[in-house]
Every structure is written in C-alpha cells, then in structure tokens.
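Report on the following structure.
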Amino acid sequence: RKEVEQDPGPFNVPEGATVAFNCTYSNSASQSFFWYRQDCRKEPKLLMSVYSSGNEDGRFTAQLNRASQYISLLIRDSKLSDSATYLCVVVTGNQFYFGTGTSLTVIP
Amino acid sequence: GAVVSQHPSRVICKSGTSVKIECRSLDFQATTMFWYRQFPKQSLMLMATSNEGSKATYEQGVEKDKFLINHASLTLSTLTVTSAHPEDSSFYICSARDHSTGERGYTFGSGTRLTVV
C-alpha cells in the first residue's frame, strides 16, 4: 500500500469556482502534513502546512482528519494563476512522502 | 528564508558519460540533504538521503554505484550520474532542511533537467 494516495485529476474548473483536493495516508504515526505547489518544469514550493484545527490562508484552506487519515485542500474563487500541480506531503519520522500530485487548470 | 541552490539547471549529455549535479544550502547548514527524481507526469521519488561526513542512504532500487553522492561539507552535496543512459533522463531535485525553522524548513533546489542522448 502506498504511503500517500492522491487523485491525479486533472481538474479543469472555471475562474471563480471552488475546488477541493484530498489525499489519504496509510501510516497513522505520520506527524506532519503539507501542501506543495509545483508549476510545470519547476521545483515544488511550500503552499501551506496542514493542522487538525484547520489552516486558512486567504482563498486556501487546508484540513487534516487524523481519524480518517486524510488531508484536504480547498481553493475558493479560483484564479488563472492557481493553475498548477498540487502535491500533498506526509512526513513520517524523517521521511517526506509525496502524493502523485493533482493537476489543476483554471479556465477563463 | 532558507535558500537551496542547485546547478546546473539543464544538462544534455551523451550516453556513457557522467554528469555531476550540485546542491548548496546558501544561508544555513544542512547536515542532511535529499535527492529526488521526477519522471514526466509522476511524483517526486526519493532516491537517497545524503548525510554530511558519512555514506548516503539509498532507497530500494536505486543503484549506489550509478548515482554517487558526496556530502563533504555542511553546505554542499553532489549527485553524480555515472555512465548515463537515456532512461536516466529525468528531473533531479535536491532538498535540504534548515533545522532552525523546524519542518517548514524543507526547501527545494530549482532542479536539474537531465537529457541523455
């Protein structure tokens, strides 16, 4: 079983739409969770951390559900510039585990 | 914030030659650096963990004699792809952690796109 499972998409949404991504993880001992954004042919960049209490940064909201072992990312009022691949990351011990990434294209 | 510099950003080499990729932490010391590989439309896959002053730890299926890692100082790790073949063509990215900023301190280099012809 993979450490992290993520729906690859693609998600094609109109500007202004709300879109949500989920990732599930297999190890209940995982201690930290992140969402990264990766633009085409570029390195991943940290978007936000994920906490059980939820974490909101402008139009972006990240949530962790430890009981069900999944994390989510919600993007409200999508912008064209949000088009990218979003990677969930689960940290277990000293290891980073990446999801396969979900491709998002925001359409004018 | 923490900055990791990776060089070169792009390299094309002939089959059978070796290519060295450098990863430097610019404003912090990194006892541990990580090397990843990413094939098109796939996720980042950890290849090895580079430890300053000791041998690297390789993930299962990664040939240590083909992918030589040297972490001779607290700010520099190198990955050498030896006897490169076209199937080694990929996007290689390093990552390092600035321990002073906790787990948010994992920063990635800008990546190296290797094409073996």
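In the structure tokens, chains take the letters A, B, ... in the order shown, each chain's residues start at 1, and ligands count up from 1 in the order shown.
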
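With only C-alpha atoms taken into account, the protein and nucleic acid residues at most 7 Å from region 25-28 of chain A (excluding it and anything under 3 positions from it in its own chain) are Glu3, Val4, Glu5, Gln69 and Tyr70 of chain A.
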
> Which residues come within 9 Å of Val19 (chain B), counting only C-alpha atoms, excluding same-chain residues fewer than 6 positions away, as a list in words?
Replying inline: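 My list of contacting residues is Val11, Cys13, Leu79, Thr80, Val81, Thr82, Ser83, Ala84 and Leu114 of chain B.
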
Please produce a file of the residues just selected, as a PDB file, in the first residue's frame, where the atoms kept are N, CA and C atoms.
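Resulting contents of selection_32.pdb:
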```
ATOM      1  N   VAL B  11      21.018  20.074 -18.397  1.00  0.00           N
ATOM      2  CA  VAL B  11      22.222  19.489 -18.987  1.00  0.00           C
ATOM      3  C   VAL B  11      21.833  18.413 -19.982  1.00  0.00           C
ATOM      4  N   CYS B  13      23.721  15.379 -22.152  1.00  0.00           N
ATOM      5  CA  CYS B  13      24.985  14.661 -22.242  1.00  0.00           C
ATOM      6  C   CYS B  13      24.819  13.422 -23.123  1.00  0.00           C
ATOM      7  N   LEU B  79      25.477  15.026  -6.575  1.00  0.00           N
ATOM      8  CA  LEU B  79      24.977  13.772  -7.131  1.00  0.00           C
ATOM      9  C   LEU B  79      25.628  13.594  -8.489  1.00  0.00           C
ATOM     10  N   THR B  80      26.328  12.500  -8.682  1.00  0.00           N
ATOM     11  CA  THR B  80      26.946  12.206  -9.965  1.00  0.00           C
ATOM     12  C   THR B  80      26.256  11.016 -10.598  1.00  0.00           C
ATOM     13  N   VAL B  81      25.701  11.248 -11.767  1.00  0.00           N
ATOM     14  CA  VAL B  81      25.092  10.162 -12.536  1.00  0.00           C
ATOM     15  C   VAL B  81      26.188   9.588 -13.419  1.00  0.00           C
ATOM     16  N   THR B  82      26.612   8.383 -13.126  1.00  0.00           N
ATOM     17  CA  THR B  82      27.721   7.789 -13.868  1.00  0.00           C
ATOM     18  C   THR B  82      27.208   6.944 -15.015  1.00  0.00           C
ATOM     19  N   SER B  83      27.984   6.919 -16.100  1.00  0.00           N
ATOM     20  CA  SER B  83      27.636   6.132 -17.277  1.00  0.00           C
ATOM     21  C   SER B  83      26.145   6.314 -17.610  1.00  0.00           C
ATOM     22  N   ALA B  84      25.798   7.549 -17.854  1.00  0.00           N
ATOM     23  CA  ALA B  84      24.387   7.887 -18.065  1.00  0.00           C
ATOM     24  C   ALA B  84      23.815   7.202 -19.300  1.00  0.00           C
ATOM     25  N   LEU B 114      17.922  16.647 -16.765  1.00  0.00           N
ATOM     26  CA  LEU B 114      18.972  15.877 -17.443  1.00  0.00           C
ATOM     27  C   LEU B 114      18.385  15.175 -18.663  1.00  0.00           C
TER      28      LEU B 114
END
```

Please extract the residues of region 9-43 of chain A with a backbone DSSP assignment of strand (DSSP E or B) and present them as an mmCIF file with all heavy atoms, in the first residue's frame.
```cif
data_model
loop_
_atom_site.group_PDB
_atom_site.id
_atom_site.type_symbol
_atom_site.label_atom_id
_atom_site.label_comp_id
_atom_site.auth_asym_id
_atom_site.auth_seq_id
_atom_site.Cartn_x
_atom_site.Cartn_y
_atom_site.Cartn_z
ATOM 1 N N PHE A 11 -8.152 18.377 -12.879
ATOM 2 C CA PHE A 11 -9.308 19.181 -12.544
ATOM 3 C C PHE A 11 -9.281 20.408 -13.457
ATOM 4 O O PHE A 11 -8.304 21.142 -13.470
ATOM 5 C CB PHE A 11 -9.260 19.643 -11.074
ATOM 6 C CG PHE A 11 -9.615 18.580 -10.082
ATOM 7 C CD1 PHE A 11 -8.835 17.445 -9.931
ATOM 8 C CD2 PHE A 11 -10.738 18.711 -9.275
ATOM 9 C CE1 PHE A 11 -9.162 16.460 -9.017
ATOM 10 C CE2 PHE A 11 -11.069 17.723 -8.352
ATOM 11 C CZ PHE A 11 -10.280 16.605 -8.225
ATOM 12 N N ASN A 12 -10.321 20.581 -14.220
ATOM 13 C CA ASN A 12 -10.455 21.762 -15.072
ATOM 14 C C ASN A 12 -11.663 22.540 -14.576
ATOM 15 O O ASN A 12 -12.793 22.050 -14.670
ATOM 16 C CB ASN A 12 -10.642 21.362 -16.543
ATOM 17 C CG ASN A 12 -9.461 20.564 -17.053
ATOM 18 O OD1 ASN A 12 -8.315 20.938 -16.861
ATOM 19 N ND2 ASN A 12 -9.736 19.447 -17.715
ATOM 20 N N VAL A 13 -11.435 23.721 -14.036
ATOM 21 C CA VAL A 13 -12.527 24.475 -13.434
ATOM 22 C C VAL A 13 -12.544 25.891 -13.984
ATOM 23 O O VAL A 13 -11.501 26.431 -14.385
ATOM 24 C CB VAL A 13 -12.387 24.516 -11.890
ATOM 25 C CG1 VAL A 13 -12.343 23.103 -11.315
ATOM 26 C CG2 VAL A 13 -11.179 25.306 -11.456
ATOM 27 N N PRO A 14 -13.711 26.538 -14.018
ATOM 28 C CA PRO A 14 -13.782 27.929 -14.477
ATOM 29 C C PRO A 14 -13.287 28.873 -13.393
ATOM 30 O O PRO A 14 -13.308 28.550 -12.192
ATOM 31 C CB PRO A 14 -15.274 28.122 -14.749
ATOM 32 C CG PRO A 14 -15.952 27.170 -13.829
ATOM 33 C CD PRO A 14 -15.030 25.974 -13.714
ATOM 34 N N VAL A 19 -12.696 24.542 -5.621
ATOM 35 C CA VAL A 19 -12.221 23.191 -5.929
ATOM 36 C C VAL A 19 -11.535 22.610 -4.696
ATOM 37 O O VAL A 19 -10.932 23.347 -3.917
ATOM 38 C CB VAL A 19 -11.258 23.211 -7.145
ATOM 39 C CG1 VAL A 19 -10.025 24.049 -6.861
ATOM 40 C CG2 VAL A 19 -10.885 21.812 -7.575
ATOM 41 N N ALA A 20 -11.675 21.304 -4.526
ATOM 42 C CA ALA A 20 -11.094 20.641 -3.354
ATOM 43 C C ALA A 20 -10.300 19.416 -3.773
ATOM 44 O O ALA A 20 -10.713 18.679 -4.671
ATOM 45 C CB ALA A 20 -12.190 20.244 -2.369
ATOM 46 N N PHE A 21 -9.170 19.226 -3.132
ATOM 47 C CA PHE A 21 -8.333 18.049 -3.361
ATOM 48 C C PHE A 21 -8.187 17.290 -2.049
ATOM 49 O O PHE A 21 -8.127 17.895 -0.978
ATOM 50 C CB PHE A 21 -6.919 18.441 -3.824
ATOM 51 C CG PHE A 21 -6.870 19.432 -4.935
ATOM 52 C CD1 PHE A 21 -6.048 20.550 -4.855
ATOM 53 C CD2 PHE A 21 -7.632 19.246 -6.077
ATOM 54 C CE1 PHE A 21 -5.993 21.459 -5.881
ATOM 55 C CE2 PHE A 21 -7.577 20.157 -7.110
ATOM 56 C CZ PHE A 21 -6.756 21.276 -7.017
ATOM 57 N N ASN A 22 -8.084 15.982 -2.167
ATOM 58 C CA ASN A 22 -7.861 15.151 -0.983
ATOM 59 C C ASN A 22 -6.663 14.239 -1.181
ATOM 60 O O ASN A 22 -6.338 13.863 -2.305
ATOM 61 C CB ASN A 22 -9.082 14.267 -0.698
ATOM 62 C CG ASN A 22 -10.254 15.058 -0.190
ATOM 63 O OD1 ASN A 22 -10.097 16.019 0.550
ATOM 64 N ND2 ASN A 22 -11.448 14.664 -0.593
ATOM 65 N N CYS A 23 -6.060 13.896 -0.079
ATOM 66 C CA CYS A 23 -5.021 12.862 -0.050
ATOM 67 C C CYS A 23 -5.284 11.960 1.137
ATOM 68 O O CYS A 23 -5.667 12.450 2.201
ATOM 69 C CB CYS A 23 -3.631 13.470 0.141
ATOM 70 S SG CYS A 23 -2.854 14.055 -1.342
ATOM 71 N N THR A 24 -5.046 10.677 0.960
ATOM 72 C CA THR A 24 -5.119 9.765 2.096
ATOM 73 C C THR A 24 -3.716 9.242 2.386
ATOM 74 O O THR A 24 -2.885 9.149 1.481
ATOM 75 C CB THR A 24 -6.056 8.583 1.822
ATOM 76 O OG1 THR A 24 -5.601 7.886 0.653
ATOM 77 C CG2 THR A 24 -7.470 9.054 1.587
ATOM 78 N N TYR A 25 -3.468 8.939 3.642
ATOM 79 C CA TYR A 25 -2.160 8.408 4.024
ATOM 80 C C TYR A 25 -2.346 7.136 4.832
ATOM 81 O O TYR A 25 -3.370 6.950 5.495
ATOM 82 C CB TYR A 25 -1.331 9.448 4.783
ATOM 83 C CG TYR A 25 -1.934 9.945 6.078
ATOM 84 C CD1 TYR A 25 -1.569 9.389 7.299
ATOM 85 C CD2 TYR A 25 -2.849 10.994 6.077
ATOM 86 C CE1 TYR A 25 -2.103 9.852 8.491
ATOM 87 C CE2 TYR A 25 -3.401 11.465 7.259
ATOM 88 C CZ TYR A 25 -3.021 10.892 8.455
ATOM 89 O OH TYR A 25 -3.571 11.346 9.641
ATOM 90 N N SER A 32 3.459 15.082 10.357
ATOM 91 C CA SER A 32 3.323 16.413 9.753
ATOM 92 C C SER A 32 2.795 16.284 8.335
ATOM 93 O O SER A 32 3.068 15.286 7.657
ATOM 94 C CB SER A 32 4.674 17.141 9.735
ATOM 95 O OG SER A 32 5.186 17.293 11.030
ATOM 96 N N PHE A 33 2.103 17.337 7.926
ATOM 97 C CA PHE A 33 1.438 17.284 6.626
ATOM 98 C C PHE A 33 1.534 18.652 5.961
ATOM 99 O O PHE A 33 1.406 19.690 6.623
ATOM 100 C CB PHE A 33 -0.033 16.899 6.817
ATOM 101 C CG PHE A 33 -0.212 15.664 7.669
ATOM 102 C CD1 PHE A 33 -0.274 15.759 9.044
ATOM 103 C CD2 PHE A 33 -0.290 14.409 7.077
ATOM 104 C CE1 PHE A 33 -0.417 14.627 9.840
ATOM 105 C CE2 PHE A 33 -0.436 13.269 7.865
ATOM 106 C CZ PHE A 33 -0.499 13.385 9.238
ATOM 107 N N PHE A 34 1.745 18.623 4.643
ATOM 108 C CA PHE A 34 1.899 19.877 3.916
ATOM 109 C C PHE A 34 1.230 19.765 2.562
ATOM 110 O O PHE A 34 1.070 18.671 2.014
ATOM 111 C CB PHE A 34 3.381 20.202 3.698
ATOM 112 C CG PHE A 34 4.193 20.269 4.963
ATOM 113 C CD1 PHE A 34 4.876 19.153 5.418
ATOM 114 C CD2 PHE A 34 4.285 21.442 5.678
ATOM 115 C CE1 PHE A 34 5.632 19.207 6.575
ATOM 116 C CE2 PHE A 34 5.039 21.507 6.839
ATOM 117 C CZ PHE A 34 5.712 20.388 7.285
ATOM 118 N N TRP A 35 0.919 20.913 1.996
ATOM 119 C CA TRP A 35 0.565 21.009 0.583
ATOM 120 C C TRP A 35 1.645 21.823 -0.112
ATOM 121 O O TRP A 35 2.031 22.896 0.359
ATOM 122 C CB TRP A 35 -0.796 21.678 0.387
ATOM 123 C CG TRP A 35 -1.948 20.779 0.686
ATOM 124 C CD1 TRP A 35 -2.694 20.733 1.826
ATOM 125 C CD2 TRP A 35 -2.490 19.773 -0.181
ATOM 126 N NE1 TRP A 35 -3.663 19.767 1.736
ATOM 127 C CE2 TRP A 35 -3.555 19.158 0.505
ATOM 128 C CE3 TRP A 35 -2.179 19.327 -1.474
ATOM 129 C CZ2 TRP A 35 -4.323 18.129 -0.048
ATOM 130 C CZ3 TRP A 35 -2.931 18.303 -2.025
ATOM 131 C CH2 TRP A 35 -3.996 17.710 -1.316
ATOM 132 N N TYR A 36 2.125 21.278 -1.231
ATOM 133 C CA TYR A 36 3.097 21.973 -2.064
ATOM 134 C C TYR A 36 2.453 22.269 -3.410
ATOM 135 O O TYR A 36 1.570 21.550 -3.877
ATOM 136 C CB TYR A 36 4.353 21.106 -2.297
ATOM 137 C CG TYR A 36 5.379 21.183 -1.199
ATOM 138 C CD1 TYR A 36 5.159 20.576 0.036
ATOM 139 C CD2 TYR A 36 6.584 21.847 -1.393
ATOM 140 C CE1 TYR A 36 6.108 20.636 1.037
ATOM 141 C CE2 TYR A 36 7.549 21.909 -0.389
ATOM 142 C CZ TYR A 36 7.296 21.304 0.815
ATOM 143 O OH TYR A 36 8.233 21.362 1.816
ATOM 144 N N ARG A 37 2.946 23.313 -4.039
ATOM 145 C CA ARG A 37 2.509 23.650 -5.382
ATOM 146 C C ARG A 37 3.707 23.491 -6.307
ATOM 147 O O ARG A 37 4.813 23.937 -5.994
ATOM 148 C CB ARG A 37 2.006 25.097 -5.413
ATOM 149 C CG ARG A 37 1.750 25.611 -6.807
ATOM 150 C CD ARG A 37 1.456 27.076 -6.847
ATOM 151 N NE ARG A 37 1.475 27.536 -8.228
ATOM 152 C CZ ARG A 37 0.554 28.337 -8.751
ATOM 153 N NH1 ARG A 37 -0.448 28.781 -8.003
ATOM 154 N NH2 ARG A 37 0.638 28.701 -10.007
ATOM 155 N N GLN A 38 3.474 22.849 -7.452
ATOM 156 C CA GLN A 38 4.547 22.691 -8.422
ATOM 157 C C GLN A 38 4.062 23.181 -9.785
ATOM 158 O O GLN A 38 3.095 22.647 -10.343
ATOM 159 C CB GLN A 38 5.019 21.239 -8.520
ATOM 160 C CG GLN A 38 6.231 21.064 -9.423
ATOM 161 C CD GLN A 38 6.789 19.651 -9.432
ATOM 162 O OE1 GLN A 38 6.075 18.694 -9.143
ATOM 163 N NE2 GLN A 38 8.067 19.504 -9.750
#
```

> Would you list which chain A residues are within 10 Å of chain B using only C-alpha atoms, as a count of residues only?
Replying inline: 26

>> Counting only C-alpha atoms, which residue out of A:Ser81, A:Gln6, A:Thr61, A:Ser68 sits closest to Thr18 (chain A)?
In response: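 Of A:Ser81, A:Gln6, A:Thr61, A:Ser68, the one nearest Thr18 (chain A), counting only C-alpha atoms, is A:Thr61.
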
> Within 7 Å of Glu22 (chain B), counting only C-alpha atoms, which residues qualify if same-chain residues fewer than 4 places away don't, as a ChimeraX atom specification?
Replying inline: /B:6-7,77-79

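Within region 3-117 of chain B, the backbone-based DSSP assignment of helix (DSSP H, G or I) covers Pro86, Glu87, Asp88, His99, Ser100, Thr101, Gly102, Glu103, Arg104 and Gly105 of chain B.
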
> Between A:Asp7, A:Ser30, A:Glu15, A:Glu56, which has the minimum distance to Gly93 (chain A) (counting only C-alpha atoms)?
Replying inline: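 For Gly93 (chain A), the nearest of the candidates is A:Ser30.
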
> Interatomic distance between CA of Val116 (chain B) and CA of Lys20 (chain B)?
Replying inline: 13.1 Å

> Leaving out Ala2 (chain B) and any residue of its chain fewer than 5 positions from it, which residues lie within 8 Å of it when counting only C-alpha atoms, given as a PyMOL selection string?
Replying inline: chain B and resi 25-28+98+105+107

Keeping N, CA, C and O atoms for every residue in the selection just given, could you write it to a file as a CSV table (one decimal), in the first residue's frame?
```csv
chain,number,residue,atom,x,y,z
B,25,SER,N,23.3,24.7,0.2
B,25,SER,CA,22.5,25.5,1.1
B,25,SER,C,23.2,26.8,1.3
B,25,SER,O,24.4,26.9,1.7
B,26,LEU,N,22.5,27.9,0.9
B,26,LEU,CA,23.2,29.2,0.8
B,26,LEU,C,23.3,29.9,2.2
B,26,LEU,O,24.2,30.7,2.4
B,27,ASP,N,22.3,29.8,3.0
B,27,ASP,CA,22.4,30.6,4.2
B,27,ASP,C,22.1,29.8,5.5
B,27,ASP,O,21.7,30.3,6.5
B,28,PHE,N,22.3,28.5,5.3
B,28,PHE,CA,22.2,27.7,6.5
B,28,PHE,C,23.0,26.4,6.3
B,28,PHE,O,23.4,26.1,5.2
B,98,ASP,N,16.5,23.4,6.9
B,98,ASP,CA,17.1,24.3,7.9
B,98,ASP,C,16.4,24.0,9.2
B,98,ASP,O,15.3,24.4,9.5
B,105,GLY,N,11.1,24.1,7.2
B,105,GLY,CA,12.4,24.5,6.6
B,105,GLY,C,12.8,23.6,5.5
B,105,GLY,O,14.0,23.7,5.1
B,107,THR,N,13.5,22.9,2.0
B,107,THR,CA,13.5,23.8,0.8
B,107,THR,C,14.1,23.0,-0.3
B,107,THR,O,15.0,22.2,-0.1
```

For Ala30 (chain B), find every residue with an atom within 10 Å (counting only C-alpha atoms), except residues of its own chain fewer than 4 positions away, and show them as a PDB file with all heavy atoms, in the first residue's frame.
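Produced file out-v7.pdb, reproduced below:
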```
ATOM      1  N   VAL B   4      18.147  27.072  -1.258  1.00  0.00           N
ATOM      2  CA  VAL B   4      18.961  25.975  -1.760  1.00  0.00           C
ATOM      3  C   VAL B   4      19.248  26.234  -3.230  1.00  0.00           C
ATOM      4  O   VAL B   4      18.316  26.455  -4.016  1.00  0.00           O
ATOM      5  CB  VAL B   4      18.242  24.622  -1.577  1.00  0.00           C
ATOM      6  CG1 VAL B   4      19.027  23.502  -2.252  1.00  0.00           C
ATOM      7  CG2 VAL B   4      18.053  24.315  -0.097  1.00  0.00           C
ATOM      8  N   ARG B  24      23.570  23.292  -3.045  1.00  0.00           N
ATOM      9  CA  ARG B  24      24.175  24.076  -1.967  1.00  0.00           C
ATOM     10  C   ARG B  24      23.118  24.758  -1.105  1.00  0.00           C
ATOM     11  O   ARG B  24      22.160  25.328  -1.632  1.00  0.00           O
ATOM     12  CB  ARG B  24      25.068  25.180  -2.539  1.00  0.00           C
ATOM     13  CG  ARG B  24      26.286  24.708  -3.256  1.00  0.00           C
ATOM     14  CD  ARG B  24      27.115  25.866  -3.790  1.00  0.00           C
ATOM     15  NE  ARG B  24      28.234  25.389  -4.578  1.00  0.00           N
ATOM     16  CZ  ARG B  24      29.413  25.076  -4.094  1.00  0.00           C
ATOM     17  NH1 ARG B  24      29.627  25.204  -2.780  1.00  0.00           N
ATOM     18  NH2 ARG B  24      30.373  24.650  -4.863  1.00  0.00           N
ATOM     19  N   SER B  25      23.307  24.690   0.187  1.00  0.00           N
ATOM     20  CA  SER B  25      22.471  25.495   1.083  1.00  0.00           C
ATOM     21  C   SER B  25      23.189  26.824   1.255  1.00  0.00           C
ATOM     22  O   SER B  25      24.351  26.870   1.656  1.00  0.00           O
ATOM     23  CB  SER B  25      22.281  24.775   2.430  1.00  0.00           C
ATOM     24  OG  SER B  25      23.521  24.471   3.023  1.00  0.00           O
ATOM     25  N   LEU B  26      22.514  27.908   0.927  1.00  0.00           N
ATOM     26  CA  LEU B  26      23.194  29.196   0.835  1.00  0.00           C
ATOM     27  C   LEU B  26      23.299  29.944   2.155  1.00  0.00           C
ATOM     28  O   LEU B  26      24.244  30.680   2.378  1.00  0.00           O
ATOM     29  CB  LEU B  26      22.497  30.083  -0.196  1.00  0.00           C
ATOM     30  CG  LEU B  26      22.568  29.592  -1.644  1.00  0.00           C
ATOM     31  CD1 LEU B  26      22.019  30.647  -2.582  1.00  0.00           C
ATOM     32  CD2 LEU B  26      23.975  29.200  -2.033  1.00  0.00           C
ATOM     33  N   SER B  50      21.394  12.154   1.761  1.00  0.00           N
ATOM     34  CA  SER B  50      22.815  12.476   1.821  1.00  0.00           C
ATOM     35  C   SER B  50      23.159  12.995   3.210  1.00  0.00           C
ATOM     36  O   SER B  50      22.528  13.934   3.694  1.00  0.00           O
ATOM     37  CB  SER B  50      23.104  13.552   0.757  1.00  0.00           C
ATOM     38  OG  SER B  50      24.380  14.109   0.917  1.00  0.00           O
ATOM     39  N   ASN B  51      24.118  12.378   3.845  1.00  0.00           N
ATOM     40  CA  ASN B  51      24.494  12.737   5.206  1.00  0.00           C
ATOM     41  C   ASN B  51      25.915  13.303   5.226  1.00  0.00           C
ATOM     42  O   ASN B  51      26.842  12.649   4.738  1.00  0.00           O
ATOM     43  CB  ASN B  51      24.425  11.508   6.117  1.00  0.00           C
ATOM     44  CG  ASN B  51      23.073  10.843   6.090  1.00  0.00           C
ATOM     45  OD1 ASN B  51      22.065  11.431   6.475  1.00  0.00           O
ATOM     46  ND2 ASN B  51      23.009   9.611   5.612  1.00  0.00           N
ATOM     47  N   GLU B  52      26.066  14.478   5.776  1.00  0.00           N
ATOM     48  CA  GLU B  52      27.381  15.108   5.821  1.00  0.00           C
ATOM     49  C   GLU B  52      28.378  14.264   6.585  1.00  0.00           C
ATOM     50  O   GLU B  52      28.105  13.846   7.720  1.00  0.00           O
ATOM     51  CB  GLU B  52      27.259  16.496   6.454  1.00  0.00           C
ATOM     52  CG  GLU B  52      28.542  17.318   6.415  1.00  0.00           C
ATOM     53  CD  GLU B  52      29.410  17.122   7.639  1.00  0.00           C
ATOM     54  OE1 GLU B  52      28.868  16.774   8.699  1.00  0.00           O
ATOM     55  OE2 GLU B  52      30.633  17.323   7.527  1.00  0.00           O
ATOM     56  N   HIS B  71      28.718  14.276   0.235  1.00  0.00           N
ATOM     57  CA  HIS B  71      28.249  15.379   1.076  1.00  0.00           C
ATOM     58  C   HIS B  71      29.409  15.769   1.981  1.00  0.00           C
ATOM     59  O   HIS B  71      29.432  15.471   3.161  1.00  0.00           O
ATOM     60  CB  HIS B  71      27.035  14.901   1.886  1.00  0.00           C
ATOM     61  CG  HIS B  71      26.259  16.002   2.540  1.00  0.00           C
ATOM     62  ND1 HIS B  71      24.935  15.846   2.870  1.00  0.00           N
ATOM     63  CD2 HIS B  71      26.594  17.240   2.918  1.00  0.00           C
ATOM     64  CE1 HIS B  71      24.489  16.952   3.441  1.00  0.00           C
ATOM     65  NE2 HIS B  71      25.485  17.806   3.482  1.00  0.00           N
ATOM     66  N   SER B  73      30.653  18.711   2.854  1.00  0.00           N
ATOM     67  CA  SER B  73      30.584  19.848   3.774  1.00  0.00           C
ATOM     68  C   SER B  73      29.137  20.081   4.184  1.00  0.00           C
ATOM     69  O   SER B  73      28.223  19.478   3.634  1.00  0.00           O
ATOM     70  CB  SER B  73      31.149  21.102   3.109  1.00  0.00           C
ATOM     71  OG  SER B  73      30.196  21.664   2.220  1.00  0.00           O
ATOM     72  N   LEU B  74      28.946  20.955   5.136  1.00  0.00           N
ATOM     73  CA  LEU B  74      27.601  21.220   5.652  1.00  0.00           C
ATOM     74  C   LEU B  74      26.745  22.037   4.694  1.00  0.00           C
ATOM     75  O   LEU B  74      25.571  22.259   4.954  1.00  0.00           O
ATOM     76  CB  LEU B  74      27.693  21.938   7.003  1.00  0.00           C
ATOM     77  CG  LEU B  74      28.125  21.057   8.175  1.00  0.00           C
ATOM     78  CD1 LEU B  74      28.405  21.894   9.404  1.00  0.00           C
ATOM     79  CD2 LEU B  74      27.047  20.015   8.484  1.00  0.00           C
ATOM     80  N   THR B  75      27.333  22.484   3.599  1.00  0.00           N
ATOM     81  CA  THR B  75      26.556  23.304   2.668  1.00  0.00           C
ATOM     82  C   THR B  75      26.551  22.763   1.247  1.00  0.00           C
ATOM     83  O   THR B  75      25.989  23.383   0.356  1.00  0.00           O
ATOM     84  CB  THR B  75      27.090  24.748   2.641  1.00  0.00           C
ATOM     85  OG1 THR B  75      28.466  24.720   2.230  1.00  0.00           O
ATOM     86  CG2 THR B  75      26.961  25.420   3.996  1.00  0.00           C
ATOM     87  N   LEU B  76      27.163  21.623   1.027  1.00  0.00           N
ATOM     88  CA  LEU B  76      27.256  21.124  -0.342  1.00  0.00           C
ATOM     89  C   LEU B  76      27.072  19.610  -0.419  1.00  0.00           C
ATOM     90  O   LEU B  76      27.737  18.857   0.283  1.00  0.00           O
ATOM     91  CB  LEU B  76      28.610  21.485  -0.953  1.00  0.00           C
ATOM     92  CG  LEU B  76      28.914  20.906  -2.341  1.00  0.00           C
ATOM     93  CD1 LEU B  76      27.927  21.457  -3.374  1.00  0.00           C
ATOM     94  CD2 LEU B  76      30.351  21.211  -2.747  1.00  0.00           C
ATOM     95  N   SER B  77      26.153  19.198  -1.279  1.00  0.00           N
ATOM     96  CA  SER B  77      26.000  17.791  -1.616  1.00  0.00           C
ATOM     97  C   SER B  77      26.025  17.685  -3.137  1.00  0.00           C
ATOM     98  O   SER B  77      25.490  18.556  -3.823  1.00  0.00           O
ATOM     99  CB  SER B  77      24.684  17.230  -1.073  1.00  0.00           C
ATOM    100  OG  SER B  77      24.483  15.893  -1.489  1.00  0.00           O
ATOM    101  N   SER B  95      16.853  18.642  -1.895  1.00  0.00           N
ATOM    102  CA  SER B  95      16.128  19.328  -0.845  1.00  0.00           C
ATOM    103  C   SER B  95      16.972  19.304   0.414  1.00  0.00           C
ATOM    104  O   SER B  95      17.703  18.343   0.660  1.00  0.00           O
ATOM    105  CB  SER B  95      14.781  18.640  -0.635  1.00  0.00           C
ATOM    106  OG  SER B  95      14.281  18.807   0.642  1.00  0.00           O
ATOM    107  N   ALA B  96      16.872  20.357   1.192  1.00  0.00           N
ATOM    108  CA  ALA B  96      17.617  20.420   2.446  1.00  0.00           C
ATOM    109  C   ALA B  96      16.733  21.054   3.500  1.00  0.00           C
ATOM    110  O   ALA B  96      15.773  21.757   3.195  1.00  0.00           O
ATOM    111  CB  ALA B  96      18.900  21.229   2.270  1.00  0.00           C
ATOM    112  N   ARG B  97      17.093  20.791   4.716  1.00  0.00           N
ATOM    113  CA  ARG B  97      16.270  21.289   5.819  1.00  0.00           C
ATOM    114  C   ARG B  97      17.067  22.233   6.694  1.00  0.00           C
ATOM    115  O   ARG B  97      18.164  21.912   7.130  1.00  0.00           O
ATOM    116  CB  ARG B  97      15.772  20.112   6.647  1.00  0.00           C
ATOM    117  CG  ARG B  97      14.947  20.526   7.872  1.00  0.00           C
ATOM    118  CD  ARG B  97      14.497  19.304   8.643  1.00  0.00           C
ATOM    119  NE  ARG B  97      13.880  19.689   9.900  1.00  0.00           N
ATOM    120  CZ  ARG B  97      13.449  18.832  10.812  1.00  0.00           C
ATOM    121  NH1 ARG B  97      13.558  17.545  10.595  1.00  0.00           N
ATOM    122  NH2 ARG B  97      12.901  19.255  11.931  1.00  0.00           N
ATOM    123  N   ASP B  98      16.484  23.387   6.927  1.00  0.00           N
ATOM    124  CA  ASP B  98      17.059  24.337   7.875  1.00  0.00           C
ATOM    125  C   ASP B  98      16.437  24.013   9.236  1.00  0.00           C
ATOM    126  O   ASP B  98      15.292  24.359   9.497  1.00  0.00           O
ATOM    127  CB  ASP B  98      16.736  25.762   7.440  1.00  0.00           C
ATOM    128  CG  ASP B  98      17.298  26.809   8.382  1.00  0.00           C
ATOM    129  OD1 ASP B  98      17.911  26.427   9.404  1.00  0.00           O
ATOM    130  OD2 ASP B  98      17.127  27.997   8.099  1.00  0.00           O
ATOM    131  N   HIS B  99      17.204  23.356  10.091  1.00  0.00           N
ATOM    132  CA  HIS B  99      16.660  22.890  11.361  1.00  0.00           C
ATOM    133  C   HIS B  99      16.196  24.024  12.264  1.00  0.00           C
ATOM    134  O   HIS B  99      15.352  23.826  13.135  1.00  0.00           O
ATOM    135  CB  HIS B  99      17.695  22.036  12.100  1.00  0.00           C
ATOM    136  CG  HIS B  99      17.877  20.688  11.497  1.00  0.00           C
ATOM    137  ND1 HIS B  99      17.213  19.569  11.956  1.00  0.00           N
ATOM    138  CD2 HIS B  99      18.616  20.281  10.444  1.00  0.00           C
ATOM    139  CE1 HIS B  99      17.572  18.521  11.230  1.00  0.00           C
ATOM    140  NE2 HIS B  99      18.411  18.919  10.306  1.00  0.00           N
TER     141      HIS B  99
END
```

> Which polymer residues have any atom within 8 Å of an atom of His85 (chain B), counting only C-alpha atoms, with same-chain residues fewer than 3 positions away left out, as a PyMOL selection string?
Replying inline: chain B and resi 14-16+88-89+116-117
